[in-house]
Amino acid sequence: MDPTDGSVYIFANRRGDRIKLLHWQRGGFTLYYKRLEQGTFALPPAKGPKTALTHAQLAMLVEGISVLGTRRKRTYRKN
């Protein structure tokens, strides 16, 4: 995996109350760190070393919303 490809890499501690997001931008790496005062992050189970999340799922994860049971409603798409 190439860390400079624009992907966001998520690292969580064992207790699940802290996450780090590593992202490459033009000038270098940006590190985001979030620690919860109460509760834990609802991380999806890893399916190998590279589990893909959408932008919306990543935003929900950071806000503390569980990604596991959510479903996106169908919307109109022009073919």
# chains A, B, ... in the order shown; residues from 1 in each chain; ligands from 1
call {"tool": "residues_around", "arguments": {"residues": "segment 5-16 of chain A", "least_positions_apart": "5", "cutoff": "9 Å", "atoms": "only C-alpha atoms", "output": "PDB file with C-alpha atoms, in the first residue's frame"}}
result
ATOM      1  CA  LEU A  21      -6.354   9.203  11.038  1.00  0.00           C
ATOM      2  CA  LEU A  22      -3.299   9.539   8.796  1.00  0.00           C
ATOM      3  CA  HIS A  23      -3.735  11.355   5.485  1.00  0.00           C
ATOM      4  CA  TRP A  24      -1.265  12.570   2.853  1.00  0.00           C
ATOM      5  CA  GLN A  25      -1.681  16.093   1.528  1.00  0.00           C
ATOM      6  CA  LEU A  36     -13.585   9.943  23.549  1.00  0.00           C
ATOM      7  CA  GLY A  39     -17.845   5.210  25.243  1.00  0.00           C
ATOM      8  CA  THR A  40     -15.998   3.689  22.327  1.00  0.00           C
ATOM      9  CA  PHE A  41     -15.895   4.051  18.558  1.00  0.00           C
ATOM     10  CA  ALA A  42     -18.044   1.532  16.661  1.00  0.00           C
ATOM     11  CA  LEU A  43     -15.367   0.250  14.321  1.00  0.00           C
TER      12      LEU A  43
END
call {"tool": "residues_around", "arguments": {"residues": "Arg26 of chain A", "least_positions_apart": "3", "cutoff": "10 Å", "atoms": "only C-alpha atoms", "output": "list of chain:residue names"}}
result
A:Thr4, A:Gly6, A:Phe29, A:Thr30
call {"tool": "select_by_dssp", "arguments": {"residues": "chain A", "states": "strand (DSSP E)", "output": "VMD selection string"}}
result
chain A and resid 8 to 12 18 to 25 28 to 35
call {"tool": "atom_distance", "arguments": {"atom1": "atom CA of Gly27 of chain A", "atom2": "atom CA of Pro3 of chain A"}}
result
13.5 Å
call {"tool": "atom_distance", "arguments": {"atom1": "atom CA of Arg18 of chain A", "atom2": "atom CA of Arg35 of chain A"}}
result
4.4 Å
call {"tool": "atom_distance", "arguments": {"atom1": "atom CA of Thr75 of chain A", "atom2": "atom CA of Glu63 of chain A"}}
result
23.9 Å
call {"tool": "decode", "arguments": {"residues": "segment 7-78 of chain A", "atoms": "C-alpha atoms", "output": "PDB file, in the first residue's frame"}}
result
ATOM      1  CA  SER A   7      -6.181   7.319   1.261  1.00  0.00           C
ATOM      2  CA  VAL A   8      -6.995   7.894   4.926  1.00  0.00           C
ATOM      3  CA  TYR A   9      -5.493   5.291   7.253  1.00  0.00           C
ATOM      4  CA  ILE A  10      -7.319   4.599  10.524  1.00  0.00           C
ATOM      5  CA  PHE A  11      -5.560   3.348  13.644  1.00  0.00           C
ATOM      6  CA  ALA A  12      -7.459   2.516  16.832  1.00  0.00           C
ATOM      7  CA  ASN A  13      -6.304   1.458  20.273  1.00  0.00           C
ATOM      8  CA  ARG A  14      -7.439  -1.803  21.879  1.00  0.00           C
ATOM      9  CA  ARG A  15     -10.053  -0.192  24.113  1.00  0.00           C
ATOM     10  CA  GLY A  16     -11.567   1.591  21.111  1.00  0.00           C
ATOM     11  CA  ASP A  17     -11.766   5.023  22.723  1.00  0.00           C
ATOM     12  CA  ARG A  18      -8.973   6.617  20.649  1.00  0.00           C
ATOM     13  CA  ILE A  19      -8.404   6.791  16.906  1.00  0.00           C
ATOM     14  CA  LYS A  20      -5.768   8.347  14.674  1.00  0.00           C
ATOM     15  CA  LEU A  21      -6.354   9.203  11.038  1.00  0.00           C
ATOM     16  CA  LEU A  22      -3.299   9.539   8.796  1.00  0.00           C
ATOM     17  CA  HIS A  23      -3.735  11.355   5.485  1.00  0.00           C
ATOM     18  CA  TRP A  24      -1.265  12.570   2.853  1.00  0.00           C
ATOM     19  CA  GLN A  25      -1.681  16.093   1.528  1.00  0.00           C
ATOM     20  CA  ARG A  26       0.566  17.965  -0.898  1.00  0.00           C
ATOM     21  CA  GLY A  27       2.988  19.237   1.734  1.00  0.00           C
ATOM     22  CA  GLY A  28       3.193  16.113   3.864  1.00  0.00           C
ATOM     23  CA  PHE A  29       1.247  13.935   6.249  1.00  0.00           C
ATOM     24  CA  THR A  30      -1.626  15.179   8.390  1.00  0.00           C
ATOM     25  CA  LEU A  31      -2.440  13.337  11.603  1.00  0.00           C
ATOM     26  CA  TYR A  32      -5.871  13.642  13.233  1.00  0.00           C
ATOM     27  CA  TYR A  33      -6.325  12.318  16.761  1.00  0.00           C
ATOM     28  CA  LYS A  34      -9.602  11.909  18.618  1.00  0.00           C
ATOM     29  CA  ARG A  35     -10.135  10.634  22.148  1.00  0.00           C
ATOM     30  CA  LEU A  36     -13.585   9.943  23.549  1.00  0.00           C
ATOM     31  CA  GLU A  37     -14.320  10.910  27.139  1.00  0.00           C
ATOM     32  CA  GLN A  38     -17.038   8.249  27.359  1.00  0.00           C
ATOM     33  CA  GLY A  39     -17.845   5.210  25.243  1.00  0.00           C
ATOM     34  CA  THR A  40     -15.998   3.689  22.327  1.00  0.00           C
ATOM     35  CA  PHE A  41     -15.895   4.051  18.558  1.00  0.00           C
ATOM     36  CA  ALA A  42     -18.044   1.532  16.661  1.00  0.00           C
ATOM     37  CA  LEU A  43     -15.367   0.250  14.321  1.00  0.00           C
ATOM     38  CA  PRO A  44     -16.401  -2.118  11.534  1.00  0.00           C
ATOM     39  CA  PRO A  45     -14.646  -5.493  11.572  1.00  0.00           C
ATOM     40  CA  ALA A  46     -11.451  -5.474   9.528  1.00  0.00           C
ATOM     41  CA  LYS A  47     -11.588  -7.640   6.423  1.00  0.00           C
ATOM     42  CA  GLY A  48      -7.860  -7.898   5.930  1.00  0.00           C
ATOM     43  CA  PRO A  49      -5.241  -5.162   6.010  1.00  0.00           C
ATOM     44  CA  LYS A  50      -7.198  -2.844   3.728  1.00  0.00           C
ATOM     45  CA  THR A  51     -10.861  -2.363   4.641  1.00  0.00           C
ATOM     46  CA  ALA A  52     -12.519   0.336   2.542  1.00  0.00           C
ATOM     47  CA  LEU A  53     -14.937   2.878   3.973  1.00  0.00           C
ATOM     48  CA  THR A  54     -16.802   5.560   2.071  1.00  0.00           C
ATOM     49  CA  HIS A  55     -16.387   9.225   2.961  1.00  0.00           C
ATOM     50  CA  ALA A  56     -19.816   9.200   4.626  1.00  0.00           C
ATOM     51  CA  GLN A  57     -18.932   6.132   6.709  1.00  0.00           C
ATOM     52  CA  LEU A  58     -15.661   7.738   7.820  1.00  0.00           C
ATOM     53  CA  ALA A  59     -17.503  10.904   8.864  1.00  0.00           C
ATOM     54  CA  MET A  60     -20.037   8.839  10.823  1.00  0.00           C
ATOM     55  CA  LEU A  61     -17.244   6.868  12.496  1.00  0.00           C
ATOM     56  CA  VAL A  62     -15.497  10.038  13.672  1.00  0.00           C
ATOM     57  CA  GLU A  63     -18.792  11.433  14.999  1.00  0.00           C
ATOM     58  CA  GLY A  64     -19.420   8.245  17.000  1.00  0.00           C
ATOM     59  CA  ILE A  65     -22.223   6.813  14.852  1.00  0.00           C
ATOM     60  CA  SER A  66     -22.163   3.065  14.284  1.00  0.00           C
ATOM     61  CA  VAL A  67     -21.451   2.155  10.671  1.00  0.00           C
ATOM     62  CA  LEU A  68     -22.423  -1.493  11.150  1.00  0.00           C
ATOM     63  CA  GLY A  69     -26.219  -1.312  11.019  1.00  0.00           C
ATOM     64  CA  THR A  70     -26.727   1.654   8.732  1.00  0.00           C
ATOM     65  CA  ARG A  71     -28.068   1.417   5.212  1.00  0.00           C
ATOM     66  CA  ARG A  72     -28.112   4.023   2.487  1.00  0.00           C
ATOM     67  CA  LYS A  73     -31.496   4.632   0.875  1.00  0.00           C
ATOM     68  CA  ARG A  74     -31.820   4.278  -2.862  1.00  0.00           C
ATOM     69  CA  THR A  75     -31.627   7.507  -4.764  1.00  0.00           C
ATOM     70  CA  TYR A  76     -32.267   8.337  -8.390  1.00  0.00           C
ATOM     71  CA  ARG A  77     -29.296   7.855 -10.680  1.00  0.00           C
ATOM     72  CA  LYS A  78     -29.322   8.824 -14.322  1.00  0.00           C
TER      73      LYS A  78
END
